[in-house]
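*Asks:* Questions regarding the structure given below will be posed in turn.
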Amino acid sequence: MKNLWNDDEAKHYPGELGQRVYTSRLLGRDTTLVLHGGGNTSVKLTETNILGKKEHILYVKGSGWDLETIEADGFSPVRMAHLLALAELDKLSDPQMVNELKTQMTKASAPTPSVETILHATLPYKYVDHTHADAIVAITNTENGKQRIEEIYGDTVVIIPYIMPGFDLARLCAERFSAEATDNTIGMVLLNHGIFSFGETAKESYDRMIQLVCRAEEYLQQQGAWALPQPLAPDEHATALRTTTAKLRYDVVKAAGKTMLLRCYRDPRSVDFARRHDVASLSQQGPATPDHVIRTKRLPMLGRNVEAYTHQYKEYFDGYAPGAKEPKTMLDPAPRVILDRDLGLVCAGRSAKDTAIVGDIYQHTIEVILRATALGGYRALSARDLFDTEYWDLEQAKLRRSGKPPQFSGEVALVTGAASGIGKACVDSLLQRGAAVIALDLKSAVEANYERPDYLGLECDITDNAQVEQALEGGVQRFGGLDMLILNAGIFPGGCRIDTLSDGDWHKVMSINVDANLTLLREAHPLLKRAPNGGRVVVVGSKNVPAPGPGAAAYSASKAALNQLARVAALEWGSDNIRINSVHPNAVFDTALWTDEVLQARASHYGLSVEEYKRRNVLSTEVTSHDVAELVAEMCGPLFAKTTGAQVPIDGGNERVI
Ligand code: ZN
């Protein structure tokens, strides 16, 4: 564990709140301290209010903010006097507590204060830092975790037995702190949960956090529990797992009752863990710190029997729900973490961002479990305690508030020829509707078009079968399956009449515009068949299908062949619940093909201005890549749910087509 404090960097964060922002970010930068919204920090300031009265204000991390990227606005200012008065109460329910915190903020637009706000208020230090450090949870999730913590820290920390975050924990911490803290005390360890440090400056509190966690890491080293066992290399022969993955995703989605993505991790450590002979005993205990349960559920699924998992989950819910204080609504019973001999570590989530968060959390969990095992055995919290966190009032309320997700959330689309033009516009339209997108292109530029978790750009020559298979394998490993296939890639060679058309040019056009699409359709079929809401294919055809032009024999013939291929696919695949429809664009000029010079030349050829030339159609309207892409995306949606084998022109109206 490195201390990341840097004097020069710190100078860019002026003021007491600025320093609070800086060291919060330092904590957030280290994934072995906090992960994805975990942990929280605070600072106590004195401010003059609008009436000229001095007030003590606690600035505490607001919910929805991540320590790594937090800003001053991410801290909620809450009146200290009220917080300290609340801490004296005997009882306060979570919804009541949230209400009290919100009504005592001095800025109405600030985020909801952390549920650990009262705890922060009662600690008599200006700065308070809280993390779920891996080393601390590895040590405390063991049989005699408490003794180990005593042995490591003596009276430098106060030890708090496990209790759920919220008012009761705040009260317990305040009691134990005032009874047990000495002049040596610089922190507090919450068994099975995490650690607090505190100080009079941001630097002091941060330094102490690092110092305390370092001591835990050194202890693990001394106990021979730090170095992780060397994973065996994953099976070199593991190939073609995409259909197995898509089948698993289908089952997960059916169990969840909503579309979801899967992400497979096949790094040596994850595969090795999934294949351990004792994976059942190691993995079937619970998460390293309770708030992970919201993301990972209590237990991973072993193997691929989703039905058995959901059955067990329902039993768990039925077992603990009756003992809860308020009536509970069961969450979907589908797994979020799957450990499978062949697929490795598989994480499920509503979006690509969610699956990546689950993946990060579980990869850290594997390390925590292995270290605790080396200490003598991993012991997570009881199912009862974890149920209470999973079904916490505040989380249940969040569930009720969550709005309608975007149209294609939890679904996957693949677009060919996606680096520019209509292909890239299709990527935009699909991303905007919430789909995760696998974008293929001959040009490597496709890889860097977007940097976001729901986008995977792959350089791929679609005329090379091996590359197509590899791309599908990679795409499914990242997102779990395939729901929508957009066949857009194609070439339009310059005008060439039949009497001079060479075999080579003819074959080249056919190989890209027809043959490659046959390969894509054939290889995608087993995946599309397992699309939970039915597979959808949209073919980007051409006006040249109904209305060919002279000098475009190879192009027109290839698009016509592709058109027939799509129609036959519509006939053959209807019983697999796959729909195939085509769009026939014409004169889409905002693509790389149409430079200003080319446009100018074509326009003067017809004696028109460029503007007139662009609108040379029945409606006198310009057709853009975006227009085509929007139609393509809609054809994948509910508007076209009962349409297959259709061909829709998007050309502003063409007399020859009409
Ligand atoms: Zn915590």
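Ordering of the structure tokens sets the chain letters (A, B, ...), residue numbers begin anew at 1 in every chain, and ligands are numbered from 1 in the order given.
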Please return as a list of chain:residue names the residues found within 8 Å of ligand 1, counting only C-alpha atoms and all ligand atoms.

*Replies:*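 Written in the requested form, the residues are A:Gly38, A:Gly39, A:Asn40, A:Glu116, A:His130, A:Thr131, A:His132, A:Pro165, A:His193, A:Gly194, A:Ile195, A:Thr289, A:Asp291.
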
*Asks:* Include all heavy atoms and write out the residues we just selected as a compact mmCIF listing (two decimals), in the first residue's frame.

*Replies:*
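Once written, part.txt looks like this:
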```txt
# COMPACT_ATOMS: atom_id res chain seq x y z
N GLY A 38 -17.84 2.76 -2.85
CA GLY A 38 -17.65 2.32 -1.46
C GLY A 38 -16.87 3.36 -0.67
O GLY A 38 -16.24 4.24 -1.24
N GLY A 39 -16.95 3.25 0.67
CA GLY A 39 -16.20 4.15 1.54
C GLY A 39 -16.83 5.52 1.61
O GLY A 39 -17.70 5.87 0.80
N ASN A 40 -16.42 6.32 2.60
CA ASN A 40 -16.90 7.70 2.68
C ASN A 40 -15.97 8.52 3.56
O ASN A 40 -15.17 7.97 4.33
CB ASN A 40 -18.36 7.76 3.18
CG ASN A 40 -18.60 6.82 4.31
OD1 ASN A 40 -17.94 6.90 5.34
ND2 ASN A 40 -19.54 5.89 4.12
N GLU A 116 -23.72 6.84 6.78
CA GLU A 116 -22.80 6.82 7.91
C GLU A 116 -22.53 8.24 8.45
O GLU A 116 -21.61 8.47 9.22
CB GLU A 116 -21.53 6.04 7.54
CG GLU A 116 -21.80 4.54 7.63
CD GLU A 116 -20.87 3.57 6.87
OE1 GLU A 116 -20.21 3.97 5.91
OE2 GLU A 116 -20.83 2.40 7.26
N HIS A 130 -13.13 6.72 5.82
CA HIS A 130 -13.63 5.35 5.99
C HIS A 130 -13.46 4.56 4.69
O HIS A 130 -13.87 5.02 3.63
CB HIS A 130 -15.11 5.39 6.39
CG HIS A 130 -15.78 4.05 6.32
ND1 HIS A 130 -15.26 2.92 6.91
CD2 HIS A 130 -16.95 3.66 5.73
CE1 HIS A 130 -16.07 1.90 6.68
NE2 HIS A 130 -17.10 2.31 5.97
N THR A 131 -12.83 3.39 4.78
CA THR A 131 -12.66 2.52 3.60
C THR A 131 -13.04 1.08 3.95
O THR A 131 -13.23 0.75 5.14
CB THR A 131 -11.20 2.50 3.10
OG1 THR A 131 -10.40 1.76 4.04
CG2 THR A 131 -10.63 3.90 2.92
N HIS A 132 -13.14 0.26 2.93
CA HIS A 132 -13.38 -1.17 3.10
C HIS A 132 -12.12 -1.93 2.68
O HIS A 132 -12.19 -2.88 1.89
CB HIS A 132 -14.58 -1.62 2.25
CG HIS A 132 -15.85 -0.90 2.56
ND1 HIS A 132 -16.83 -0.68 1.64
CD2 HIS A 132 -16.30 -0.34 3.71
CE1 HIS A 132 -17.85 -0.02 2.20
NE2 HIS A 132 -17.54 0.20 3.45
N PRO A 165 -24.73 -0.88 8.91
CA PRO A 165 -24.58 0.57 8.84
C PRO A 165 -25.92 1.27 9.07
O PRO A 165 -26.97 0.71 8.78
CB PRO A 165 -24.10 0.83 7.42
CG PRO A 165 -23.45 -0.43 7.00
CD PRO A 165 -24.20 -1.53 7.70
N HIS A 193 -16.34 -5.46 7.98
CA HIS A 193 -16.88 -4.32 7.26
C HIS A 193 -15.77 -3.40 6.73
O HIS A 193 -15.65 -3.22 5.52
CB HIS A 193 -17.86 -3.57 8.19
CG HIS A 193 -18.37 -2.27 7.64
ND1 HIS A 193 -19.46 -1.62 8.16
CD2 HIS A 193 -17.94 -1.49 6.61
CE1 HIS A 193 -19.69 -0.52 7.48
NE2 HIS A 193 -18.79 -0.41 6.54
N GLY A 194 -14.93 -2.85 7.59
CA GLY A 194 -13.92 -1.91 7.10
C GLY A 194 -13.23 -1.18 8.22
O GLY A 194 -13.18 -1.64 9.36
N ILE A 195 -12.72 0.01 7.90
CA ILE A 195 -11.87 0.73 8.86
C ILE A 195 -12.08 2.24 8.75
O ILE A 195 -12.38 2.75 7.67
CB ILE A 195 -10.38 0.36 8.61
CG1 ILE A 195 -9.45 1.07 9.59
CG2 ILE A 195 -9.96 0.63 7.17
CD1 ILE A 195 -8.05 0.50 9.63
N THR A 289 -17.40 -7.54 2.25
CA THR A 289 -17.96 -6.46 3.05
C THR A 289 -19.43 -6.35 2.63
O THR A 289 -19.75 -6.56 1.46
CB THR A 289 -17.16 -5.14 2.87
OG1 THR A 289 -17.69 -4.14 3.76
CG2 THR A 289 -17.21 -4.60 1.45
N ASP A 291 -21.81 -4.24 1.89
CA ASP A 291 -22.49 -3.51 0.82
C ASP A 291 -22.22 -4.06 -0.58
O ASP A 291 -22.90 -3.71 -1.53
CB ASP A 291 -22.36 -1.98 0.92
CG ASP A 291 -20.98 -1.46 0.69
OD1 ASP A 291 -20.18 -1.61 1.61
OD2 ASP A 291 -20.70 -0.92 -0.39
```

*Asks:* May I have the residues within 12 Å of Ala240 in chain A as a list of chain:residue names, using only C-alpha atoms and disregarding those fewer than 4 positions away in the same chain?

*Replies:*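 That gives A:Glu236, A:Thr244, A:Thr245, A:Ala246, A:Asp342, A:Leu343, A:Ala466, A:Glu469, A:Gln470, A:Ala471, A:Leu472, A:Glu473, A:Gly474, A:Gly475, A:Val476, A:Gln477, A:Glu523, A:Pro526, A:Leu527.
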
*Asks:* Per DSSP on the backbone, what are the alpha helix (DSSP H) residues of range 256-350 of chain A, as number ranges by chain?

*Replies:* A: 256, 268-275, 279-283, 293-296, 306-320

*Asks:* Considering only C-alpha atoms, state which residue in the set A:Asn517, A:Thr329, A:Thr106, A:Ser444 is at the smallest distance from Glu47 in chain A.

*Replies:* A:Thr106

*Asks:* Just list as JSON, numbers by chain whatever in range 456-598 of chain A DSSP marks as strand (DSSP E).

*Replies:* {"A": [456, 457, 458, 459, 484, 485, 486, 487, 535, 536, 537, 538, 539, 540, 578, 579, 580, 581, 582, 583, 584, 585]}

*Asks:* Identify, on the basis of only C-alpha atoms, every residue whose closest approach to range 298-305 of chain A does not exceed 6 Å; exclude the query and any residue fewer than 2 positions from it along the same chain; express the result as an MDAnalysis selection string.

*Replies:* chainID A and resid 284 286 293 307:308 337:340

*Asks:* What would the file look like if the residues just selected were written as a PDB file, in the first residue's frame with N, CA, C and O atoms?

*Replies:*
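Contents of again.pdb, freshly written:
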```pdb
ATOM      1  N   GLN A 284     -19.152 -20.183  -1.247  1.00  0.00           N
ATOM      2  CA  GLN A 284     -20.548 -20.196  -0.830  1.00  0.00           C
ATOM      3  C   GLN A 284     -20.726 -19.677   0.603  1.00  0.00           C
ATOM      4  O   GLN A 284     -21.455 -20.257   1.407  1.00  0.00           O
ATOM      5  N   GLY A 286     -20.244 -15.779   1.364  1.00  0.00           N
ATOM      6  CA  GLY A 286     -20.754 -14.411   1.329  1.00  0.00           C
ATOM      7  C   GLY A 286     -19.673 -13.436   0.946  1.00  0.00           C
ATOM      8  O   GLY A 286     -18.497 -13.789   0.861  1.00  0.00           O
ATOM      9  N   VAL A 293     -23.102  -6.913  -1.355  1.00  0.00           N
ATOM     10  CA  VAL A 293     -24.227  -7.818  -1.593  1.00  0.00           C
ATOM     11  C   VAL A 293     -25.228  -7.217  -2.578  1.00  0.00           C
ATOM     12  O   VAL A 293     -25.889  -7.918  -3.339  1.00  0.00           O
ATOM     13  N   GLU A 307     -31.751 -22.521 -12.931  1.00  0.00           N
ATOM     14  CA  GLU A 307     -33.010 -22.883 -12.279  1.00  0.00           C
ATOM     15  C   GLU A 307     -32.760 -23.279 -10.816  1.00  0.00           C
ATOM     16  O   GLU A 307     -33.484 -22.842  -9.912  1.00  0.00           O
ATOM     17  N   ALA A 308     -31.732 -24.084 -10.602  1.00  0.00           N
ATOM     18  CA  ALA A 308     -31.428 -24.521  -9.226  1.00  0.00           C
ATOM     19  C   ALA A 308     -31.043 -23.304  -8.377  1.00  0.00           C
ATOM     20  O   ALA A 308     -31.430 -23.189  -7.210  1.00  0.00           O
ATOM     21  N   VAL A 337     -22.966 -13.265  -9.956  1.00  0.00           N
ATOM     22  CA  VAL A 337     -21.612 -13.812 -10.106  1.00  0.00           C
ATOM     23  C   VAL A 337     -21.753 -15.307 -10.369  1.00  0.00           C
ATOM     24  O   VAL A 337     -22.503 -15.987  -9.677  1.00  0.00           O
ATOM     25  N   ILE A 338     -21.061 -15.783 -11.410  1.00  0.00           N
ATOM     26  CA  ILE A 338     -21.129 -17.194 -11.774  1.00  0.00           C
ATOM     27  C   ILE A 338     -19.697 -17.706 -11.871  1.00  0.00           C
ATOM     28  O   ILE A 338     -18.837 -17.053 -12.478  1.00  0.00           O
ATOM     29  N   LEU A 339     -19.443 -18.840 -11.237  1.00  0.00           N
ATOM     30  CA  LEU A 339     -18.126 -19.458 -11.337  1.00  0.00           C
ATOM     31  C   LEU A 339     -18.312 -20.771 -12.082  1.00  0.00           C
ATOM     32  O   LEU A 339     -19.039 -21.654 -11.625  1.00  0.00           O
ATOM     33  N   ASP A 340     -17.671 -20.868 -13.240  1.00  0.00           N
ATOM     34  CA  ASP A 340     -17.890 -22.028 -14.086  1.00  0.00           C
ATOM     35  C   ASP A 340     -16.555 -22.548 -14.599  1.00  0.00           C
ATOM     36  O   ASP A 340     -15.705 -21.762 -15.007  1.00  0.00           O
TER      37      ASP A 340
END
```

*Asks:* Which residue, A:Glu217, A:Asp278, A:Asp7, A:Asp428, has the smallest gap to Val137 in chain A when you use only C-alpha atoms?

*Replies:*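 Looking only at the distances to Val137 in chain A, the closest residue turns out to be A:Glu217.
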
*Asks:* Return as CSV the residues of range 62-151 of chain A lying at most 10 Å from range 375-398 of chain A, together with the closest atom-to-atom pair for each and the distance in Å to one decimal, counting only C-alpha atoms, with rows in chain order and ascending residue number.

*Replies:*
```
residue,atom,partner,partner_atom,distance
A:Ser93,CA,A:Asp393,CA,9.3
A:Asp94,CA,A:Asp393,CA,7.0
A:Pro95,CA,A:Leu394,CA,6.8
A:Val98,CA,A:Leu394,CA,8.7
A:Val115,CA,A:Leu394,CA,9.3
A:Val137,CA,A:Ala380,CA,9.4
A:Ala138,CA,A:Tyr378,CA,7.8
A:Ile139,CA,A:Leu375,CA,7.7
A:Thr140,CA,A:Arg379,CA,8.4
A:Asn141,CA,A:Arg379,CA,4.9
A:Thr142,CA,A:Arg379,CA,4.8
A:Glu143,CA,A:Arg379,CA,6.2
A:Asn144,CA,A:Gly376,CA,9.3
A:Gly145,CA,A:Arg379,CA,9.2
```

*Asks:* Can you tell me, as number ranges by chain, what residues are no more than 9 Å from Asn184 in chain A when counting only C-alpha atoms, ignoring any on the same chain fewer than 5 positions away?

*Replies:* A: 155-157

*Asks:* Which residue out of A:Ser609, A:Asn488, A:Asn449, A:Thr355 has the minimum interatomic distance to Pro335 in chain A when only C-alpha atoms are used?

*Replies:*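 Going through A:Ser609, A:Asn488, A:Asn449, A:Thr355 one by one, the smallest distance to Pro335 in chain A is for A:Thr355.
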
*Asks:* Quick one: residues within 12 Å of range 421-427 of chain A, only C-alpha atoms, excluding same-chain residues fewer than 6 positions away - as a PyMOL selection string?

*Replies:* chain A and resi 412-415+433-441+445-447+449-450+454-457+484-490+538-541+583+585-594+623-636

*Asks:* Which is closer to Gly344 in chain A than all the others in A:Leu172, A:Cys264, A:Ile658, A:Val545, using only C-alpha atoms?

*Replies:*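 Nearest to Gly344 in chain A: A:Cys264.
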
*Asks:* What's the 9 Å shell around Pro649 in chain A, counting only C-alpha atoms, without same-chain residues fewer than 3 positions away, as a VMD selection string?

*Replies:* chain A and resid 542 to 543 582 to 586 652 to 654 657

*Asks:* For range 639-643 of chain A, please output as number ranges by chain all residues within 10 Å (counting only C-alpha atoms; exclusion window: fewer than 3 positions along the same chain).

*Replies:* A: 533-534, 536, 570, 579-581, 634-636, 646

*Asks:* For Arg615 in chain A, which residue among A:Gly323, A:Glu597, A:Lys314, A:Asp651 is the nearest when counting only C-alpha atoms?

*Replies:* A:Asp651

*Asks:* For each of A:Ala280, A:Ala557, A:Tyr250, A:Val514, take the minimum atom-to-atom distance to Glu411 in chain A, counting only C-alpha atoms, then give the residue where this is smallest.

*Replies:* A:Tyr250
